[in-house]
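Novice: So here's structure28.txt (compact mmCIF, C-alpha atoms).
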# COMPACT_ATOMS: atom_id res chain seq x y z
CA MET Y 14 -1.25 -13.85 -10.47
CA ALA Y 15 -0.78 -10.99 -8.09
CA ALA Y 16 0.75 -11.82 -4.76
CA THR Y 17 -1.65 -12.05 -1.84
CA VAL Y 18 -0.85 -9.04 0.29
CA LYS Y 19 -3.10 -8.17 3.21
CA ILE Y 20 -3.32 -5.84 6.15
CA TYR Y 21 -2.50 -7.76 9.32
CA GLU Y 22 -3.25 -6.79 12.91
CA PHE Y 23 -0.70 -7.82 15.52
CA ASN Y 24 -1.54 -8.72 19.09
CA GLY Y 25 -0.25 -10.45 22.15
CA ALA Y 26 3.12 -10.49 23.80
CA SER Y 27 4.79 -11.98 20.73
CA GLY Y 28 2.89 -9.93 18.16
CA SER Y 29 1.09 -12.71 16.34
CA GLY Y 30 -0.62 -11.54 13.17
CA THR Y 31 -4.24 -11.85 12.05
CA PRO Y 32 -5.49 -10.70 8.63
CA VAL Y 33 -7.98 -7.84 8.72
CA THR Y 34 -11.22 -8.86 7.02
CA SER Y 35 -13.70 -6.72 5.09
CA ALA Y 36 -15.49 -6.13 8.39
CA GLY Y 37 -12.45 -4.10 9.40
CA SER Y 38 -10.86 -3.78 12.79
CA ARG Y 39 -12.51 -2.35 15.89
CA PHE Y 40 -11.05 0.00 18.47
CA CYS Y 41 -11.74 -1.46 21.88
CA SER Y 42 -10.42 -1.80 25.42
CA ALA Y 43 -8.56 -5.09 25.06
CA ASP Y 44 -5.62 -6.45 23.10
CA THR Y 45 -7.63 -8.54 20.67
CA PRO Y 46 -8.20 -8.47 16.90
CA SER Y 47 -11.84 -9.54 17.18
CA PRO Y 48 -13.57 -7.99 20.18
CA GLY Y 49 -17.02 -7.93 18.61
CA ILE Y 50 -19.03 -5.54 20.79
CA SER Y 51 -17.23 -6.67 23.92
CA TYR Y 52 -14.57 -4.48 25.48
CA PRO Y 53 -15.99 -1.04 24.61
CA VAL Y 54 -13.97 2.06 25.40
CA VAL Y 55 -15.82 3.63 28.31
CA LYS Y 56 -16.96 7.20 27.61
CA PRO Y 57 -15.21 9.45 30.14
CA SER Y 58 -16.55 12.16 32.37
CA ASP Y 59 -16.18 15.80 31.30
CA GLY Y 60 -12.67 17.06 30.72
CA THR Y 61 -10.96 13.71 30.55
CA ILE Y 62 -9.97 11.30 27.77
CA ASN Y 63 -10.32 7.56 27.63
CA ARG Y 64 -8.15 5.93 25.03
CA SER Y 65 -8.65 2.70 23.18
CA TYR Y 66 -5.97 0.08 23.35
CA TRP Y 67 -3.66 0.91 20.49
CA LYS Y 68 -3.98 -1.17 17.33
CA THR Y 69 -0.89 -2.36 15.50
CA PHE Y 70 -0.98 -3.13 11.78
CA ALA Y 71 1.44 -3.94 8.95
CA LEU Y 72 1.41 -5.11 5.34
CA TYR Y 73 1.92 -8.85 5.08
CA ALA Y 74 2.55 -10.91 1.92
CA GLU Y 75 0.92 -14.31 2.30
CA THR Y 76 2.34 -15.48 -1.02
CA SER Y 77 5.62 -14.49 -2.58
CA ALA Y 78 5.48 -11.15 -4.39
CA SER Y 79 7.65 -9.17 -6.72
CA ASN Y 80 9.68 -6.84 -4.61
CA ILE Y 81 7.40 -4.45 -2.72
CA ASN Y 82 8.44 -0.96 -1.71
CA ASN Y 83 7.16 2.58 -1.31
CA VAL Y 84 4.62 1.69 1.39
CA LYS Y 85 2.19 4.45 2.39
CA TRP Y 86 -0.75 4.83 4.75
CA TYR Y 87 -3.49 7.47 4.64
CA THR Y 88 -7.10 8.40 5.30
CA ASP Y 89 -9.72 10.18 3.21
CA GLY Y 90 -9.10 13.27 5.33
CA ALA Y 91 -12.12 13.03 7.60
CA ILE Y 92 -13.25 10.75 10.38
CA GLY Y 93 -16.91 11.23 11.19
CA TRP Y 94 -16.81 10.25 14.83
CA SER Y 95 -17.81 13.20 16.99
CA GLY Y 96 -15.83 13.48 20.21
CA ILE Y 97 -13.27 10.92 19.05
CA THR Y 98 -9.84 11.60 17.56
CA VAL Y 99 -7.73 8.89 15.96
CA TYR Y 100 -3.95 9.16 16.20
CA VAL Y 101 -1.37 7.32 14.13
CA GLY Y 102 2.37 6.71 13.93
CA ALA Y 103 4.83 4.21 12.47
CA THR Y 104 7.51 2.18 14.20
CA SER Y 105 9.89 -0.66 13.45
CA ALA Y 106 9.35 -2.28 16.85
CA TYR Y 107 6.26 -4.12 18.00
CA THR Y 108 4.99 -3.34 21.48
CA GLN Y 109 1.96 -5.05 22.91
CA SER Y 110 -0.93 -2.75 23.73
CA THR Y 111 -1.76 -2.36 27.40
CA GLY Y 112 -4.39 -0.78 29.60
CA THR Y 113 -7.35 -1.67 31.79
CA PRO Y 114 -9.38 -4.33 29.97
CA GLY Y 115 -12.98 -3.33 29.50
CA SER Y 116 -12.32 0.34 30.27
CA TYR Y 117 -9.48 2.09 28.43
CA GLY Y 118 -5.95 1.77 27.09
CA THR Y 119 -2.56 3.25 27.89
CA ASP Y 120 -1.48 6.31 25.89
CA SER Y 121 0.63 5.25 22.90
CA ALA Y 122 4.04 6.86 22.44
CA VAL Y 123 3.88 6.05 18.71
CA ALA Y 124 0.39 7.07 17.65
CA THR Y 125 0.79 10.80 18.25
CA THR Y 126 -0.27 12.47 14.98
CA ALA Y 127 -3.91 12.99 14.07
CA ALA Y 128 -4.68 10.33 11.47
CA THR Y 129 -6.51 12.80 9.22
CA THR Y 130 -3.19 14.62 8.75
CA TYR Y 131 -2.39 11.89 6.24
CA THR Y 132 -4.41 12.01 3.04
CA ALA Y 133 -4.02 10.94 -0.60
CA SER Y 134 -1.99 14.09 -1.21
CA ALA Y 135 0.05 13.82 2.01
CA LYS Y 136 0.62 10.18 2.84
CA LEU Y 137 2.42 8.66 5.79
CA SER Y 138 5.57 6.92 4.53
CA VAL Y 139 6.05 3.53 6.15
CA ALA Y 140 9.49 1.94 6.01
CA GLY Y 141 9.93 -1.58 4.73
CA SER Y 142 10.25 -3.66 1.59
CA GLY Y 143 10.45 -7.30 0.67
CA THR Y 144 8.79 -10.22 -1.07
CA SER Y 145 7.13 -12.28 1.67
CA GLY Y 146 6.01 -12.22 5.27
CA ARG Y 147 5.76 -8.89 7.03
CA ILE Y 148 6.68 -6.27 4.46
CA SER Y 149 6.36 -3.01 6.30
CA ASP Y 150 7.05 -1.40 9.61
CA TYR Y 151 4.12 -1.26 12.00
CA VAL Y 152 1.44 1.41 11.82
CA VAL Y 153 -0.06 2.08 15.24
CA LEU Y 154 -3.52 3.59 15.68
CA GLN Y 155 -5.26 4.75 18.82
CA ALA Y 156 -8.64 6.40 19.37
CA ASP Y 157 -9.00 9.08 22.03
CA VAL Y 158 -12.57 9.27 23.31
CA THR Y 159 -13.92 12.40 25.03
CA SER Y 160 -17.16 13.02 26.84
CA GLY Y 161 -18.45 14.55 23.59
CA ALA Y 162 -18.58 11.15 21.93
CA SER Y 163 -21.90 9.53 21.15
CA GLY Y 164 -22.59 6.27 22.91
CA GLY Y 165 -22.76 3.02 20.98
CA THR Y 166 -20.82 1.74 18.02
CA THR Y 167 -19.51 4.12 15.38
CA ALA Y 168 -19.85 3.89 11.60
CA GLN Y 169 -16.99 2.18 9.78
CA GLU Y 170 -14.16 4.41 8.60
CA ILE Y 171 -11.72 3.27 5.95
CA PHE Y 172 -7.96 3.66 6.12
CA TYR Y 173 -5.77 2.97 3.10
CA TRP Y 174 -2.48 1.20 2.55
CA GLU Y 175 -0.62 1.69 -0.71
CA TYR Y 176 2.50 0.02 -2.06
CA ASP Y 177 4.35 -0.57 -5.30
CA GLU Y 178 5.14 -3.99 -6.74
CA VAL Y 179 8.31 -3.58 -8.76
CA MET E 13 -6.39 -7.90 -16.58
CA ILE E 14 -3.43 -5.79 -17.66
CA GLN E 15 -0.22 -7.65 -18.55
CA TRP E 16 2.96 -6.67 -20.34
CA VAL E 17 4.81 -8.04 -23.34
CA ALA E 18 8.40 -7.00 -24.08
CA GLU E 19 10.30 -7.22 -27.36
CA TYR E 20 14.09 -7.38 -27.57
CA ASP E 21 16.24 -6.11 -30.43
CA ASP E 22 16.53 -9.61 -31.88
CA GLY E 23 12.75 -9.85 -32.20
CA SER E 24 12.26 -12.25 -29.33
CA MET E 25 9.16 -11.65 -27.22
CA ILE E 26 8.84 -12.06 -23.47
CA SER E 27 5.49 -12.14 -21.71
CA GLU E 28 4.82 -11.35 -18.11
CA LEU E 29 3.02 -14.66 -17.81
CA SER E 30 4.58 -17.66 -19.47
CA ASP E 31 4.18 -21.28 -18.45
CA GLY E 32 2.51 -20.17 -15.25
CA HIS E 33 5.58 -18.22 -14.17
CA VAL E 34 5.16 -14.55 -13.37
CA MET E 35 8.15 -12.54 -14.52
CA SER E 36 9.02 -9.20 -12.97
CA ALA E 37 9.71 -6.35 -15.39
CA SER E 38 12.80 -5.63 -13.32
CA GLU E 39 14.26 -8.87 -14.72
CA LEU E 40 14.20 -7.56 -18.30
CA ASP E 41 17.49 -6.72 -20.00
CA ARG E 42 17.09 -3.00 -20.59
CA ASN E 43 20.10 -2.92 -22.91
CA LYS E 44 18.19 -5.06 -25.41
CA LEU E 45 14.71 -3.67 -24.96
CA ARG E 46 13.11 -2.51 -28.21
CA SER E 47 9.54 -2.06 -26.97
CA PHE E 48 7.32 -2.67 -23.97
CA ARG E 49 3.59 -3.16 -24.50
CA LEU E 50 0.69 -3.27 -22.08
CA GLU E 51 -2.25 -5.45 -22.99
CA LEU E 52 -5.74 -5.36 -21.53
CA ASN E 53 -7.34 -8.78 -21.69
CA GLY E 54 -4.95 -9.74 -24.47
CA LYS E 55 -5.51 -6.62 -26.62
CA PRO E 56 -2.79 -4.00 -27.10
CA LEU E 57 -3.37 -0.96 -24.91
CA LEU E 58 -0.14 1.03 -24.87
CA THR E 59 3.32 0.58 -26.37
CA LEU E 60 6.56 2.24 -25.30
CA SER E 61 9.32 2.23 -27.91
CA PHE E 62 12.96 2.43 -26.89
CA GLY E 63 15.16 1.66 -29.88
CA GLU E 64 17.93 4.16 -30.67
CA ASP E 65 16.72 6.61 -28.01
CA ARG E 66 17.29 3.94 -25.36
CA PRO E 67 20.02 5.83 -23.51
CA HIS E 68 17.44 8.53 -22.79
CA ARG E 69 14.50 6.20 -22.23
CA ASN E 70 14.75 3.71 -19.39
CA LEU E 71 11.77 1.53 -18.59
CA ILE E 72 9.92 2.30 -15.37
CA PHE E 73 7.22 -0.16 -14.42
CA ARG E 74 5.17 -0.61 -11.26
CA ARG E 75 1.91 -1.99 -10.09
CA ARG E 76 0.65 0.35 -7.42
CA ARG E 77 -1.76 -1.46 -5.13
CA ARG E 78 -4.16 0.15 -2.70
CA ILE E 79 -5.83 -1.88 0.04
CA GLY E 80 -8.64 -0.40 2.11
CA SER E 81 -9.25 -1.51 5.66
CA ASP E 82 -12.68 -2.64 4.40
CA GLY E 83 -11.01 -5.13 2.07
CA THR E 84 -11.27 -3.09 -1.14
CA PHE E 85 -8.38 -3.51 -3.55
CA GLU E 86 -7.31 -1.35 -6.50
CA THR E 87 -4.39 -1.45 -8.89
CA ILE E 88 -2.88 1.26 -11.05
CA THR E 89 -0.19 0.20 -13.50
CA ILE E 90 2.58 2.77 -13.75
CA VAL E 91 4.72 2.73 -16.87
CA GLY E 92 7.04 5.22 -18.50
CA TRP E 93 10.60 6.00 -19.51
CA SER E 94 11.57 8.80 -17.16
CA ARG E 95 10.27 10.57 -14.08
CA ASP E 96 8.77 13.23 -16.34
CA VAL E 97 6.79 10.94 -18.61
CA ILE E 98 4.68 8.42 -16.73
CA CYS E 99 1.42 6.76 -17.70
CA TYR E 100 -1.03 5.81 -14.96
CA VAL E 101 -3.18 3.01 -16.32
CA ARG E 102 -6.33 2.04 -14.47
CA GLU E 103 -7.82 -1.43 -14.52
CA ASP E 104 -10.48 -0.35 -17.05
CA GLY E 105 -7.74 0.73 -19.47
CA SER E 106 -8.09 4.49 -18.99
CA ILE E 107 -4.74 6.27 -19.04
CA GLU E 108 -3.45 9.48 -17.44
CA LEU E 109 -0.12 10.98 -18.50
CA ASP E 110 1.76 12.83 -15.78
CA SER E 111 5.11 13.14 -14.05
CA ASP E 112 6.03 10.78 -11.22
CA ARG E 113 3.98 12.99 -8.87
CA GLY E 114 6.93 13.02 -6.50
CA ASP E 115 6.20 9.67 -4.93
CA LEU E 116 8.00 7.08 -7.02
CA VAL E 117 11.01 5.22 -5.62
CA LEU E 118 13.21 4.31 -8.60
CA LEU E 119 15.58 1.38 -8.76
CA ASP E 120 19.14 1.94 -9.95
CA SER E 121 18.26 0.12 -13.17
CA GLU E 122 15.53 2.65 -13.84
CA MET E 123 17.66 5.75 -13.49
CA ILE E 124 18.94 7.70 -16.48
CA TYR E 125 22.48 8.93 -15.93
Show how you would write the structure in this file as C-alpha cells.
Specialist:
Amino acid sequence: MAATVKIYEFNGASGSGTPVTSAGSRFCSADTPSPGISYPVVKPSDGTINRSYWKTFALYAETSASNINNVKWYTDGAIGWSGITVYVGATSAYTQSTGTPGSYGTDSAVATTAATTYTASAKLSVAGSGTSGRISDYVVLQADVTSGASGGTTAQEIFYWEYDEV
Amino acid sequence: MIQWVAEYDDGSMISELSDGHVMSASELDRNKLRSFRLELNGKPLLTLSFGEDRPHRNLIFRRRRRIGSDGTFETITIVGWSRDVICYVREDGSIELDSDRGDLVLLDSEMIY
C-alpha cells in the first residue's frame, strides 16, 4: 500500500498541523485552518491592498513511506480571481501568521513571488525528504486583495504538490 | 495497480508486495539484477533487462505522486536504466518514453559511473 501523504496546514503559535480536505483551504483574516465564511478579507478602498493572513502548508506522511524526495509545488498557471494576486514562497522555519482578525493580515516576508510563476513546466522546488511526519519545508501563501476584487467568496483554485517515492 | 517484480541472476524472484510487506526498489541488489518487470493488475506491462549490459544499465525507479489541494491524487511510475531512457507509466498502463526531463533526483546507487 502507498503511504498516506497529505497536505497539512499549520497554525497557531506552535504550528500544529491539520490535513487539508477536498474542500481545500480558504484565505481569510484569521489564523485558522477552517474559517468557513467567517473572517473575510475586507476589500480595501482604492489604491490600497488588504492581505489575507498567510497560509502555511507542508507535505506530511501520516504513515511510513519509502523515502520521499524531490518535492515540488505549482499552479496551473492561472488564478481566476480578478483583483486578487496570490503570492508564494518556501521556508524551513514556521512563523505564525499575524494581522488584524476579521480585517486583513500582515505582509509575509516569505510569500513574495506570484504563485502563477510556478507551473508544471517551472515548479517551485521545496526542500525536504524523509519517511514520516513532516516531509517538506513550509510553503507559504498569501492573497493580496485590491479594490478591483469582486465581493463574496471566490471559486476554488487548485494548487499542486508533487514528490517522488524512491 | 502497478507493482514490480525483480529477477536476480540465480533465477530468484522478488515482488514488491510479499507477505504484506512493501519492499522499496532501492533495496534491490543491483549487482545481481537480471530483469525488472512492471505488472498492471498482475499482468506483465513492461520489462527492463539488465544482464551483461548491467554496467551501463542501472535501475531507476520512482513513484511520482501529485496531490491537488482539492484532494485529487495521481501517480506516475518512473522506470528506466539511465537519465536518457526513462518510461513514464500512467495508472491506466499507458507509457511515454523520454529523458528524465531534467527533474529527477538520482540516488548514488542509480548513477552510472
Novice: Hey, could you pull the box centre and edge lengths for range 32-38 of chain E, axis-aligned, 5 Å padding per side, all listed atoms, to one decimal in Å, as lines of an AutoDock Vina configuration file?
Specialist:
center_x = 7.7
center_y = -12.9
center_z = -14.2
size_x = 20.3
size_y = 24.5
size_z = 12.4
Novice: Go through Y:Pro53, Y:Gly90, Y:Gly37, Y:Gly28 and flag the residue nearest Lys136 in chain Y, using only C-alpha atoms for the distances.
Specialist: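 The closest residue to Lys136 in chain Y is Y:Gly90.
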Novice: Would you list the contacts of Leu45 in chain E as a ChimeraX atom specification, taking every protein, DNA or RNA residue within 9 Å and counting all atoms listed in the file, but skipping same-chain residues closer than 2 positions in sequence?
Specialist: /E:18-21,40-43,47-48,61-63,66,71
Novice: Export C-alpha atoms of the chosen residues as a short mmCIF file (atom, residue, chain, number, x, y, z; two decimals), in the coordinates of the input?
Specialist:
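Written file, result.cif:
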data_model
loop_
_atom_site.label_atom_id
_atom_site.label_comp_id
_atom_site.auth_asym_id
_atom_site.auth_seq_id
_atom_site.Cartn_x
_atom_site.Cartn_y
_atom_site.Cartn_z
CA ALA E 18 8.40 -7.00 -24.08
CA GLU E 19 10.30 -7.22 -27.36
CA TYR E 20 14.09 -7.38 -27.57
CA ASP E 21 16.24 -6.11 -30.43
CA LEU E 40 14.20 -7.56 -18.30
CA ASP E 41 17.49 -6.72 -20.00
CA ARG E 42 17.09 -3.00 -20.59
CA ASN E 43 20.10 -2.92 -22.91
CA SER E 47 9.54 -2.06 -26.97
CA PHE E 48 7.32 -2.67 -23.97
CA SER E 61 9.32 2.23 -27.91
CA PHE E 62 12.96 2.43 -26.89
CA GLY E 63 15.16 1.66 -29.88
CA ARG E 66 17.29 3.94 -25.36
CA LEU E 71 11.77 1.53 -18.59
#
Novice: Near chain Y, meaning an atom within 10 Å, which residues of chain E appear when counting all atoms listed in the file? Write them as a PyMOL selection string.
Specialist: chain E and resi 13+29+32-39+72-90+113+115-119
Novice: Between CA of Gly115 in chain Y and CA of Ala127 in chain Y, what is the distance in Å, rounded to a tenth?
Specialist: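 A separation of 24.2 Å between them.
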Novice: Quick check, in Å to one decimal: how far apart do CA of Trp16 in chain E and CA of Ser30 in chain E lie?
Specialist: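 Those two atoms sit 11.1 Å apart.
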Novice: Kindly give the distance, in Å, that separates CA of Tyr131 in chain Y and CA of Ala156 in chain Y, rounded to a single decimal.
Specialist: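 One can read the CA of Tyr131 in chain Y to CA of Ala156 in chain Y distance as 15.5 Å.
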Novice: Give me, as a PyMOL selection string, all polymer residues having an atom no more than 7 Å from range 62-70 of chain Y, counting all atoms listed in the file and skipping those fewer than 4 positions away in the same chain.
Specialist: chain Y and resi 20-23+40-44+54-57+110-112+117-121+151-159
Novice: How about saving the chosen residues, C-alpha atoms kept, as a PDB file, keeping the file's coordinate frame?
Specialist:
ATOM      1  CA  ILE Y  20      -3.320  -5.840   6.150  1.00  0.00           C
ATOM      2  CA  TYR Y  21      -2.500  -7.760   9.320  1.00  0.00           C
ATOM      3  CA  GLU Y  22      -3.250  -6.790  12.910  1.00  0.00           C
ATOM      4  CA  PHE Y  23      -0.700  -7.820  15.520  1.00  0.00           C
ATOM      5  CA  PHE Y  40     -11.050   0.000  18.470  1.00  0.00           C
ATOM      6  CA  CYS Y  41     -11.740  -1.460  21.880  1.00  0.00           C
ATOM      7  CA  SER Y  42     -10.420  -1.800  25.420  1.00  0.00           C
ATOM      8  CA  ALA Y  43      -8.560  -5.090  25.060  1.00  0.00           C
ATOM      9  CA  ASP Y  44      -5.620  -6.450  23.100  1.00  0.00           C
ATOM     10  CA  VAL Y  54     -13.970   2.060  25.400  1.00  0.00           C
ATOM     11  CA  VAL Y  55     -15.820   3.630  28.310  1.00  0.00           C
ATOM     12  CA  LYS Y  56     -16.960   7.200  27.610  1.00  0.00           C
ATOM     13  CA  PRO Y  57     -15.210   9.450  30.140  1.00  0.00           C
ATOM     14  CA  SER Y 110      -0.930  -2.750  23.730  1.00  0.00           C
ATOM     15  CA  THR Y 111      -1.760  -2.360  27.400  1.00  0.00           C
ATOM     16  CA  GLY Y 112      -4.390  -0.780  29.600  1.00  0.00           C
ATOM     17  CA  TYR Y 117      -9.480   2.090  28.430  1.00  0.00           C
ATOM     18  CA  GLY Y 118      -5.950   1.770  27.090  1.00  0.00           C
ATOM     19  CA  THR Y 119      -2.560   3.250  27.890  1.00  0.00           C
ATOM     20  CA  ASP Y 120      -1.480   6.310  25.890  1.00  0.00           C
ATOM     21  CA  SER Y 121       0.630   5.250  22.900  1.00  0.00           C
ATOM     22  CA  TYR Y 151       4.120  -1.260  12.000  1.00  0.00           C
ATOM     23  CA  VAL Y 152       1.440   1.410  11.820  1.00  0.00           C
ATOM     24  CA  VAL Y 153      -0.060   2.080  15.240  1.00  0.00           C
ATOM     25  CA  LEU Y 154      -3.520   3.590  15.680  1.00  0.00           C
ATOM     26  CA  GLN Y 155      -5.260   4.750  18.820  1.00  0.00           C
ATOM     27  CA  ALA Y 156      -8.640   6.400  19.370  1.00  0.00           C
ATOM     28  CA  ASP Y 157      -9.000   9.080  22.030  1.00  0.00           C
ATOM     29  CA  VAL Y 158     -12.570   9.270  23.310  1.00  0.00           C
ATOM     30  CA  THR Y 159     -13.920  12.400  25.030  1.00  0.00           C
TER      31      THR Y 159
END
Novice: Y:Thr166, Y:Asn24, Y:Ser116, Y:Thr104: which is nearest Arg39 in chain Y, counting all atoms listed in the file?
Specialist: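 Of Y:Thr166, Y:Asn24, Y:Ser116, Y:Thr104, the one nearest Arg39 in chain Y, counting all atoms listed in the file, is Y:Thr166.
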Novice: Please determine, counting only C-alpha atoms, which residue among E:Leu109, E:Met123, E:Leu52, E:Cys99 has the shortest atom-to-atom distance to Ile14 in chain E.
Specialist: E:Leu52
Novice: Nearest residue to Gly93 in chain Y out of Y:Thr17, Y:Gly49, Y:Ala162, Y:Ala140, using all atoms listed in the file?
Specialist: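 So, comparing all the options, the nearest one is Y:Ala162.
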Novice: Measuring between all atoms listed in the file, which one of Y:Val101, Y:Ala128, Y:Pro114, Y:Gly146 shows the shortest distance to Tyr52 in chain Y?
Specialist: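 Going through Y:Val101, Y:Ala128, Y:Pro114, Y:Gly146 one by one, the smallest distance to Tyr52 in chain Y is for Y:Pro114.
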